[in-house]
Amino acid sequence: MKSKKKTAKKAPKSAPYTLSSLEASVVLDIKKEGLESIFGAAYLMMDRAYVSLKGDRAKAVTVVLRPKNPKTTKLKALAEEFLSDFESQKVRWAVAKNNLPIREFIAEQAVLIANGTIPPPAPAAAPEPAAEELTDDQRAEIEKLIAEVESEIKTMNDKKVAMDPKGIKASWEETQENKA
Amino acid sequence: MSRLTALAKGASVDTGSLAAFNFRDMGGWHLLTNEWGQFLMLSSADFERFMAGKVGVDDPLYAELESRGFLKARLDFRQLAVNYVKKNSFQWFPGPSLHMIVVTLRCNQKCQYCHSSVVDPSRTDTDMDVETARKTVDFIFSTPNPTICIEFQGGEPLLNWPVVKFITEYAQAKAKAGNRKLLMALVCNFTLMTEDKLDFLFDHHVSICTSLDGPAELHNKNRPFLGGGEAQQKVVHWLEKIQERCSADPKKKFYLPGALMTTTRFSMDYGPEIVDLYVKLGLEQIFLRPLSPIGYAKRVWKDVGYEAEEFVKFYEKTLDYIIDLNVSGKSDIMERMALILLSKVVKGEDPGFMDLRSPAGAVLGCLAYNYNGEIFVSDEGRMVDHQGDPIFKVGDVAKNDWLSVIDHPTTRACVTASTLDNQPMCQQCAFKPYCGVEPVFHYETQKSVFGQMPTSGWCSSHMGIFDVIFRKLRDPRSRKVMDKWLERDQCRWQESDAVPAGQPEVVL
């Protein structure tokens with residue numbers, strides 16, 4: 001029986017992916033792109049494709065996409081959807097990383113407010129006048145405040161955290177004994 | 001495009017100026033949310049300017065972005081922390097508040113989907129005995145949450161009425177002695193209700209909830225009697241009777257019964273008819289809930305189940321009908337799922353709904369007790385056990401204490417899996433501040449307590465419902481109706497808060 005020759009479909013010129021008869025492949029530089037974004041975009045494809053990652057995770061990986069429903073999914077569209085999600089993943093991860101210390105600080109403040117260690121802020125006063133363009137001094141002051149907060153977070157993280165700070169493991173009787 | 005949605009190709013982004021947030025392309029406009037529970041609905045043009053860092057201080061949008069915590073250099077840390085406390089209020093009270101007791105597995109109905117995986121009425125060996133009931137209440141009162149809500153479930157709990165009475169009286173005595181706040185609720189099918197039982201429930205402030213799937217032809221198809229007969233007529237009879245008694249006595253207004261509907265494939269064509277029946281019976285709310293392929297329902301899914309997208313279509317169409325009734329003044333009935341999400345989104349509050357929390361309600365918010373004293377992370381976890389898999393069992397009231405339950409490896413697994421920051425897709429989802437994942441659902445459908453969100457039916461249906469709700473919030477006509485619902489709901493809770501600890505009160 002004559003075997004069917006599998007011909008690779010050509011990707012458009014300068015496309016950052018290659019297409020075979022069954023799969024789409026994208027080669028990505030780990031150092032430049034970051035592993036989280038690649039993992040993130042690959043995970044998001046799982047409703048439409050089987051995804052495998054090959055290569056050296058210290059250098060470059062090839063993301064191989066094989067559609068779950070080859071009859072209705074075009075490989076070119078699949079590769080472009082992956083790249084679109086990948087670009088968004090880079091932004092989502094950059095924003096998440098930039099803000100990690102601030103998120104941790106606010107969550108820590110929330111715990112302290114909830115357990116009564118620090119009081120909640122007083123009700124808002126009359127609205128402030130509209131914000132104007134910040135002066136260089138004001139900008140410097142904001143930068144200083146952010147640096148202080150980040151330093152405070154680092155100090156808190158370094159402290160040993162109690163194993164059960166909220167007393168979740170304590171039974172009702174134990175919580176009453178502690179109050180007494 | 002993935003379910004999360006993506007940025008436009010070549011979009012300009014200034015990541016340095018952006019505070020922590022997630023976004024969603026809603027088709028013509030963008031939704032922005034942050035983990036402090038704030039949200040903004042921006043035109044796509046405004047979204048592009050925001051992402052590119054091109055919103056200047058004199059721009060009207062600047063103040064809005066600033067006040068809601070979307071500008072990194074202008075964050076009010078303390079206020080955002082306060083929002084976080086309010087939004088996650090369930091986290092600050094240690095231990096579960098909802099305790100579901102299955103007093104029997106026996107039932108006189110054979111529902112198409114029966115979640116509760118029941119047995120024949122002759123199987124009295126599946127009734128909880130008084131000694132186990134006492135130990136169950138003792139265990140419940142050893143958990144540390146100051147507020148306790150006991151919910152009777154089954155099977156059909158009225159088939160083991162003596163134990164329902166015992167638990168009610170014993171728990172109320174313990175609440176009084178320990179100055180604990182106690183709420184009690186009975187979920188039953190009404191087919192075995194009598195005037196005497198109703199008197200007892202009224203006298204002991206036990207709220208009553210039943211199942212009503214819709215018009216007779218639908219309800220009786222979904223929930224037939226064992227051996228045949230008309231189940232829906234019984235439900236309607238008792239709903240009317242209780243309404244009558246409540247309206248004759250203003251003190252009993254909190255006893256107005258609630259009803260829950262379960263949506264099967266057969267319900268899909270009945271949206272308006274189901275709502276009309278609820279309106280006719282004077283019910284204040286209807287809860288449009290999807291069916292979960294858990295326990296027995298998983299086995300019959302091909303007969304009664306549907307795709308998540310089908311449910312979302314049904315939900316939107318039926319919600320539209322309810323909103324139309326409100327706008328026209330024909331009824332002021334509220335939809336419960338919408339109300340839960342609106343409390344979270346608009347008011348920034350936790351409405352106490354176990355399924356949509358991070359981490360989920362399993363053990364931290366609720367526990368389920370089987371007739372034999374076994375303890376499960378949730379009632380769904382107990383249903384999985386009934387099918388022969390005890391994975392969600394975390395203890396036994398005769399052998400274990402609270403510490404061993406909270407420290408149980410299954411508890412830890414459920415908490416870890418249902419914390420949205422541990423879920424690769426959820427952590428980037430615009431609905432994250434208001435959503436949750438259910439470990440039992442994902443174990444049953446995807447063989448992992450973590451699940452795989454891009455292919456999860458849970459995620460599809462909840463994302464779809466959130467999309468509907470946010471679209472309605474952007475529509476002034478629907479928004480007006482929804483704001484009224486929130487106002488009414490607030491009044492109910494304020495009246496309920498007046499009950500002192502140690503006194504029984506009614507679950508709203």
# chains A, B, ... in the order shown; residues from 1 in each chain; ligands from 1
call {"tool": "select_by_dssp", "arguments": {"residues": "region 45-145 of chain A", "states": "helix (DSSP H, G or I)", "output": "JSON, numbers by chain"}}
result
{"A": [45, 46, 47, 75, 76, 77, 78, 79, 80, 81, 82, 83, 84, 85, 86, 87, 88, 89, 90, 91, 92, 93, 94, 95, 96, 97, 98, 99, 100, 101, 102, 103, 104, 105, 106, 107, 108, 109, 110, 111, 112, 113, 114, 136, 137, 138, 139, 140, 141, 142, 143, 144, 145]}
call {"tool": "residues_around", "arguments": {"residues": "Met45 (chain A)", "least_positions_apart": "6", "cutoff": "10 Å", "atoms": "only C-alpha atoms", "output": "PyMOL selection string"}}
result
(chain A and resi 51+65+67+78-79+81-82+85) or (chain B and resi 1-3+454-455)
call {"tool": "interface_residues", "arguments": {"of": "chain A", "to": "chain B", "cutoff": "8 Å", "atoms": "only C-alpha atoms", "output": "PyMOL selection string"}}
result
chain A and resi 40+43-47+81-82+84-85+87-88+91-92+94-96+98-100+103+106-107+109-111+113-115+120-121+130-133+142+166-173+175
call {"tool": "closest_residue", "arguments": {"among": "A:Ile102, A:Ile30, A:Ala41, A:Pro16", "to": "Gly69 (chain B)", "atoms": "only C-alpha atoms"}}
result
A:Ile102
call {"tool": "atom_distance", "arguments": {"atom1": "CA of Phe466 (chain B)", "atom2": "CA of Leu356 (chain B)"}}
result
11.7 Å
call {"tool": "atom_distance", "arguments": {"atom1": "CA of Leu288 (chain B)", "atom2": "CA of Val275 (chain B)"}}
result
9.8 Å
call {"tool": "residues_around", "arguments": {"residues": "region 432-439 of chain B", "least_positions_apart": "6", "cutoff": "10 Å", "atoms": "only C-alpha atoms", "output": "ChimeraX atom specification"}}
result
/B:22,33-39,84,87-88,340-345,348-350,353-362,377,380-381,392,413-421,423,425-426,445-451,453,458-459,462-463,466
call {"tool": "select_by_dssp", "arguments": {"residues": "region 32-136 of chain A", "states": "strand (DSSP E)", "output": "PyMOL selection string"}}
result
chain A and resi 49-56+60-67
call {"tool": "decode", "arguments": {"residues": "region 373-392 of chain B", "atoms": "N, CA, C and O atoms", "output": "PDB file, in the first residue's frame"}}
result
ATOM      1  N   GLY B 373     -21.739   9.106  62.325  1.00  0.00           N
ATOM      2  CA  GLY B 373     -20.775   9.930  63.054  1.00  0.00           C
ATOM      3  C   GLY B 373     -19.506  10.250  62.278  1.00  0.00           C
ATOM      4  O   GLY B 373     -18.649  10.983  62.782  1.00  0.00           O
ATOM      5  N   GLU B 374     -19.403   9.742  61.058  1.00  0.00           N
ATOM      6  CA  GLU B 374     -18.220  10.084  60.265  1.00  0.00           C
ATOM      7  C   GLU B 374     -18.296  11.541  59.824  1.00  0.00           C
ATOM      8  O   GLU B 374     -19.378  12.063  59.508  1.00  0.00           O
ATOM      9  N   ILE B 375     -17.092  12.168  59.813  1.00  0.00           N
ATOM     10  CA  ILE B 375     -17.044  13.599  59.483  1.00  0.00           C
ATOM     11  C   ILE B 375     -16.400  13.770  58.100  1.00  0.00           C
ATOM     12  O   ILE B 375     -15.359  13.166  57.817  1.00  0.00           O
ATOM     13  N   PHE B 376     -17.013  14.634  57.281  1.00  0.00           N
ATOM     14  CA  PHE B 376     -16.507  14.885  55.926  1.00  0.00           C
ATOM     15  C   PHE B 376     -16.278  16.380  55.697  1.00  0.00           C
ATOM     16  O   PHE B 376     -16.899  17.215  56.368  1.00  0.00           O
ATOM     17  N   VAL B 377     -15.411  16.671  54.720  1.00  0.00           N
ATOM     18  CA  VAL B 377     -15.069  18.079  54.452  1.00  0.00           C
ATOM     19  C   VAL B 377     -16.283  18.881  53.994  1.00  0.00           C
ATOM     20  O   VAL B 377     -16.311  20.108  54.152  1.00  0.00           O
ATOM     21  N   SER B 378     -17.243  18.205  53.420  1.00  0.00           N
ATOM     22  CA  SER B 378     -18.461  18.881  52.953  1.00  0.00           C
ATOM     23  C   SER B 378     -19.487  17.801  52.647  1.00  0.00           C
ATOM     24  O   SER B 378     -19.160  16.602  52.647  1.00  0.00           O
ATOM     25  N   ASP B 379     -20.722  18.203  52.360  1.00  0.00           N
ATOM     26  CA  ASP B 379     -21.734  17.199  52.042  1.00  0.00           C
ATOM     27  C   ASP B 379     -21.407  16.503  50.722  1.00  0.00           C
ATOM     28  O   ASP B 379     -21.674  15.314  50.555  1.00  0.00           O
ATOM     29  N   GLU B 380     -20.796  17.243  49.796  1.00  0.00           N
ATOM     30  CA  GLU B 380     -20.395  16.628  48.519  1.00  0.00           C
ATOM     31  C   GLU B 380     -19.340  15.541  48.779  1.00  0.00           C
ATOM     32  O   GLU B 380     -19.333  14.498  48.127  1.00  0.00           O
ATOM     33  N   GLY B 381     -18.439  15.809  49.735  1.00  0.00           N
ATOM     34  CA  GLY B 381     -17.421  14.820  50.102  1.00  0.00           C
ATOM     35  C   GLY B 381     -18.056  13.558  50.668  1.00  0.00           C
ATOM     36  O   GLY B 381     -17.606  12.434  50.408  1.00  0.00           O
ATOM     37  N   ARG B 382     -19.145  13.729  51.416  1.00  0.00           N
ATOM     38  CA  ARG B 382     -19.871  12.576  51.956  1.00  0.00           C
ATOM     39  C   ARG B 382     -20.516  11.777  50.816  1.00  0.00           C
ATOM     40  O   ARG B 382     -20.535  10.544  50.839  1.00  0.00           O
ATOM     41  N   MET B 383     -21.010  12.474  49.805  1.00  0.00           N
ATOM     42  CA  MET B 383     -21.639  11.771  48.670  1.00  0.00           C
ATOM     43  C   MET B 383     -20.621  10.909  47.934  1.00  0.00           C
ATOM     44  O   MET B 383     -20.935   9.822  47.464  1.00  0.00           O
ATOM     45  N   VAL B 384     -19.393  11.404  47.829  1.00  0.00           N
ATOM     46  CA  VAL B 384     -18.342  10.624  47.169  1.00  0.00           C
ATOM     47  C   VAL B 384     -18.088   9.360  47.989  1.00  0.00           C
ATOM     48  O   VAL B 384     -17.922   8.269  47.439  1.00  0.00           O
ATOM     49  N   ASP B 385     -18.117   9.489  49.301  1.00  0.00           N
ATOM     50  CA  ASP B 385     -17.930   8.322  50.179  1.00  0.00           C
ATOM     51  C   ASP B 385     -19.040   7.295  49.950  1.00  0.00           C
ATOM     52  O   ASP B 385     -18.787   6.090  49.933  1.00  0.00           O
ATOM     53  N   HIS B 386     -20.253   7.799  49.767  1.00  0.00           N
ATOM     54  CA  HIS B 386     -21.381   6.889  49.577  1.00  0.00           C
ATOM     55  C   HIS B 386     -21.211   6.056  48.299  1.00  0.00           C
ATOM     56  O   HIS B 386     -21.758   4.959  48.190  1.00  0.00           O
ATOM     57  N   GLN B 387     -20.444   6.583  47.360  1.00  0.00           N
ATOM     58  CA  GLN B 387     -20.171   5.825  46.126  1.00  0.00           C
ATOM     59  C   GLN B 387     -18.955   4.905  46.304  1.00  0.00           C
ATOM     60  O   GLN B 387     -18.475   4.306  45.350  1.00  0.00           O
ATOM     61  N   GLY B 388     -18.411   4.855  47.546  1.00  0.00           N
ATOM     62  CA  GLY B 388     -17.341   3.887  47.832  1.00  0.00           C
ATOM     63  C   GLY B 388     -15.943   4.461  47.940  1.00  0.00           C
ATOM     64  O   GLY B 388     -14.977   3.716  48.070  1.00  0.00           O
ATOM     65  N   ASP B 389     -15.820   5.799  47.922  1.00  0.00           N
ATOM     66  CA  ASP B 389     -14.483   6.401  48.000  1.00  0.00           C
ATOM     67  C   ASP B 389     -14.420   7.324  49.225  1.00  0.00           C
ATOM     68  O   ASP B 389     -14.976   8.424  49.208  1.00  0.00           O
ATOM     69  N   PRO B 390     -13.716   6.904  50.279  1.00  0.00           N
ATOM     70  CA  PRO B 390     -13.739   7.696  51.527  1.00  0.00           C
ATOM     71  C   PRO B 390     -12.721   8.833  51.578  1.00  0.00           C
ATOM     72  O   PRO B 390     -12.402   9.327  52.658  1.00  0.00           O
ATOM     73  N   ILE B 391     -12.229   9.268  50.421  1.00  0.00           N
ATOM     74  CA  ILE B 391     -11.100  10.214  50.398  1.00  0.00           C
ATOM     75  C   ILE B 391     -11.376  11.517  51.176  1.00  0.00           C
ATOM     76  O   ILE B 391     -10.464  12.129  51.715  1.00  0.00           O
ATOM     77  N   PHE B 392     -12.639  11.942  51.247  1.00  0.00           N
ATOM     78  CA  PHE B 392     -12.917  13.223  51.897  1.00  0.00           C
ATOM     79  C   PHE B 392     -13.342  13.083  53.361  1.00  0.00           C
ATOM     80  O   PHE B 392     -13.809  14.041  53.970  1.00  0.00           O
TER      81      PHE B 392
END
